Amino acid sequence: MLEELRDATPIRRQELLLTFVSEHVGRVIGATAAQAIDPKQPLNELGLDSLMAVELRNRLGTALALTRSLPATLVFDYPTLEALAAYLDREVVPAPSAAAAGTHKVSEPPPEAARSVDDLSDEEIERLYASKMGTS
């Protein structure tokens with residue numbers, strides 16, 4: 001699941017996460033497949049209590065094969081499907097791969113790298129070194 005999410009476009013990742021969270025919430029609250037849950041509806045209005053919140057947190061963590069536990073207050077801090085999906089996207093899903101992002105951005109070298117070290121005076125080298133070391 002995490003690989004699929006990582007490789008998905010941002011919009012597709014949001015859709016996948018919303019469906020994923022919705023399915024797990026539905027299982028925990030005992031909703032039938034025909035019952036659609038409003039992504040903006042607070043989960044406590046659906047009857048989700050503290051024990052169910054713990055079960056949901058555990059289910060999400062297990063389904064995502066996380067190595068660390070999700071926060072104990074997850075469902076209370078993120079009380080809707082939308083909020084839970086956004087949290088998982090932000091905090092749990094690995095960064096998109098460069099191929100999925102469609103770019104291979106090359107960072108610009110710092111301005112001082114534009115010149116060869118051989119072209120710098122001793123004073124310029126000392127000043128650059130001091131600024132990098134935070135001693136200027």
# chains A, B, ... in the order shown; residues from 1 in each chain; ligands from 1

call {"tool": "residues_around", "arguments": {"residues": "range 18-20 of chain A", "least_positions_apart": "2", "cutoff": "9 Å", "atoms": "only C-alpha atoms", "output": "list of chain:residue names"}}
result
A:Arg13, A:Gln14, A:Glu15, A:Leu16, A:Ser22, A:Glu23, A:His24, A:Val25, A:Pro39, A:Leu60, A:Leu81, A:Glu82, A:Leu84, A:Ala85, A:Ala86

call {"tool": "write_last_selection", "arguments": {"atoms": "N, CA and C atoms", "output": "PDB file, in the first residue's frame"}}
result
ATOM      1  N   ARG A  13      -3.211   9.970  -4.747  1.00  0.00           N
ATOM      2  CA  ARG A  13      -2.855   9.584  -3.383  1.00  0.00           C
ATOM      3  C   ARG A  13      -3.955   9.989  -2.408  1.00  0.00           C
ATOM      4  N   GLN A  14      -4.514  11.185  -2.580  1.00  0.00           N
ATOM      5  CA  GLN A  14      -5.617  11.626  -1.725  1.00  0.00           C
ATOM      6  C   GLN A  14      -6.825  10.708  -1.882  1.00  0.00           C
ATOM      7  N   GLU A  15      -7.138  10.340  -3.119  1.00  0.00           N
ATOM      8  CA  GLU A  15      -8.267   9.435  -3.373  1.00  0.00           C
ATOM      9  C   GLU A  15      -8.033   8.079  -2.715  1.00  0.00           C
ATOM     10  N   LEU A  16      -6.835   7.540  -2.898  1.00  0.00           N
ATOM     11  CA  LEU A  16      -6.503   6.236  -2.309  1.00  0.00           C
ATOM     12  C   LEU A  16      -6.591   6.278  -0.791  1.00  0.00           C
ATOM     13  N   SER A  22     -11.746   5.320   4.769  1.00  0.00           N
ATOM     14  CA  SER A  22     -13.190   5.075   4.782  1.00  0.00           C
ATOM     15  C   SER A  22     -13.505   3.592   4.988  1.00  0.00           C
ATOM     16  N   GLU A  23     -12.770   2.735   4.305  1.00  0.00           N
ATOM     17  CA  GLU A  23     -12.988   1.289   4.455  1.00  0.00           C
ATOM     18  C   GLU A  23     -12.716   0.831   5.883  1.00  0.00           C
ATOM     19  N   HIS A  24     -11.652   1.329   6.472  1.00  0.00           N
ATOM     20  CA  HIS A  24     -11.306   0.916   7.833  1.00  0.00           C
ATOM     21  C   HIS A  24     -12.270   1.495   8.864  1.00  0.00           C
ATOM     22  N   VAL A  25     -12.697   2.718   8.674  1.00  0.00           N
ATOM     23  CA  VAL A  25     -13.700   3.298   9.574  1.00  0.00           C
ATOM     24  C   VAL A  25     -14.992   2.500   9.464  1.00  0.00           C
ATOM     25  N   PRO A  39     -16.957  12.430   3.999  1.00  0.00           N
ATOM     26  CA  PRO A  39     -15.569  12.665   4.405  1.00  0.00           C
ATOM     27  C   PRO A  39     -15.399  13.806   5.409  1.00  0.00           C
ATOM     28  N   LEU A  60      -5.251   0.908  11.036  1.00  0.00           N
ATOM     29  CA  LEU A  60      -4.563   1.739  10.044  1.00  0.00           C
ATOM     30  C   LEU A  60      -3.060   1.471  10.074  1.00  0.00           C
ATOM     31  N   LEU A  81     -12.847  11.713   8.050  1.00  0.00           N
ATOM     32  CA  LEU A  81     -12.110  10.929   7.053  1.00  0.00           C
ATOM     33  C   LEU A  81     -11.087  11.803   6.335  1.00  0.00           C
ATOM     34  N   GLU A  82     -11.509  13.010   5.955  1.00  0.00           N
ATOM     35  CA  GLU A  82     -10.620  13.938   5.256  1.00  0.00           C
ATOM     36  C   GLU A  82      -9.386  14.260   6.093  1.00  0.00           C
ATOM     37  N   LEU A  84      -8.101  12.566   8.654  1.00  0.00           N
ATOM     38  CA  LEU A  84      -7.259  11.375   8.826  1.00  0.00           C
ATOM     39  C   LEU A  84      -6.434  11.100   7.571  1.00  0.00           C
ATOM     40  N   ALA A  85      -7.069  11.177   6.415  1.00  0.00           N
ATOM     41  CA  ALA A  85      -6.364  10.935   5.155  1.00  0.00           C
ATOM     42  C   ALA A  85      -5.263  11.967   4.951  1.00  0.00           C
ATOM     43  N   ALA A  86      -5.544  13.222   5.251  1.00  0.00           N
ATOM     44  CA  ALA A  86      -4.536  14.284   5.104  1.00  0.00           C
ATOM     45  C   ALA A  86      -3.368  14.054   6.056  1.00  0.00           C
TER      46      ALA A  86
END

call {"tool": "residues_around", "arguments": {"residues": "Glu3 in chain A", "least_positions_apart": "5", "cutoff": "9 Å", "atoms": "only C-alpha atoms", "output": "ChimeraX atom specification"}}
result
/A:8,93-94

call {"tool": "residues_around", "arguments": {"residues": "Glu45 in chain A", "least_positions_apart": "5", "cutoff": "12 Å", "atoms": "only C-alpha atoms", "output": "PyMOL selection string"}}
result
chain A and resi 29+37-38+40+79-80

call {"tool": "atom_distance", "arguments": {"atom1": "CA of Ala72 in chain A", "atom2": "CA of Val54 in chain A"}}
result
7.1 Å

call {"tool": "atom_distance", "arguments": {"atom1": "CA of Glu91 in chain A", "atom2": "CA of Leu48 in chain A"}}
result
22.9 Å

call {"tool": "atom_distance", "arguments": {"atom1": "CA of Leu56 in chain A", "atom2": "CA of Glu4 in chain A"}}
result
21.2 Å

call {"tool": "closest_residue", "arguments": {"among": "A:Leu66, A:Val75, A:Leu5, A:Val28", "to": "Met52 in chain A", "atoms": "only C-alpha atoms"}}
result
A:Val28
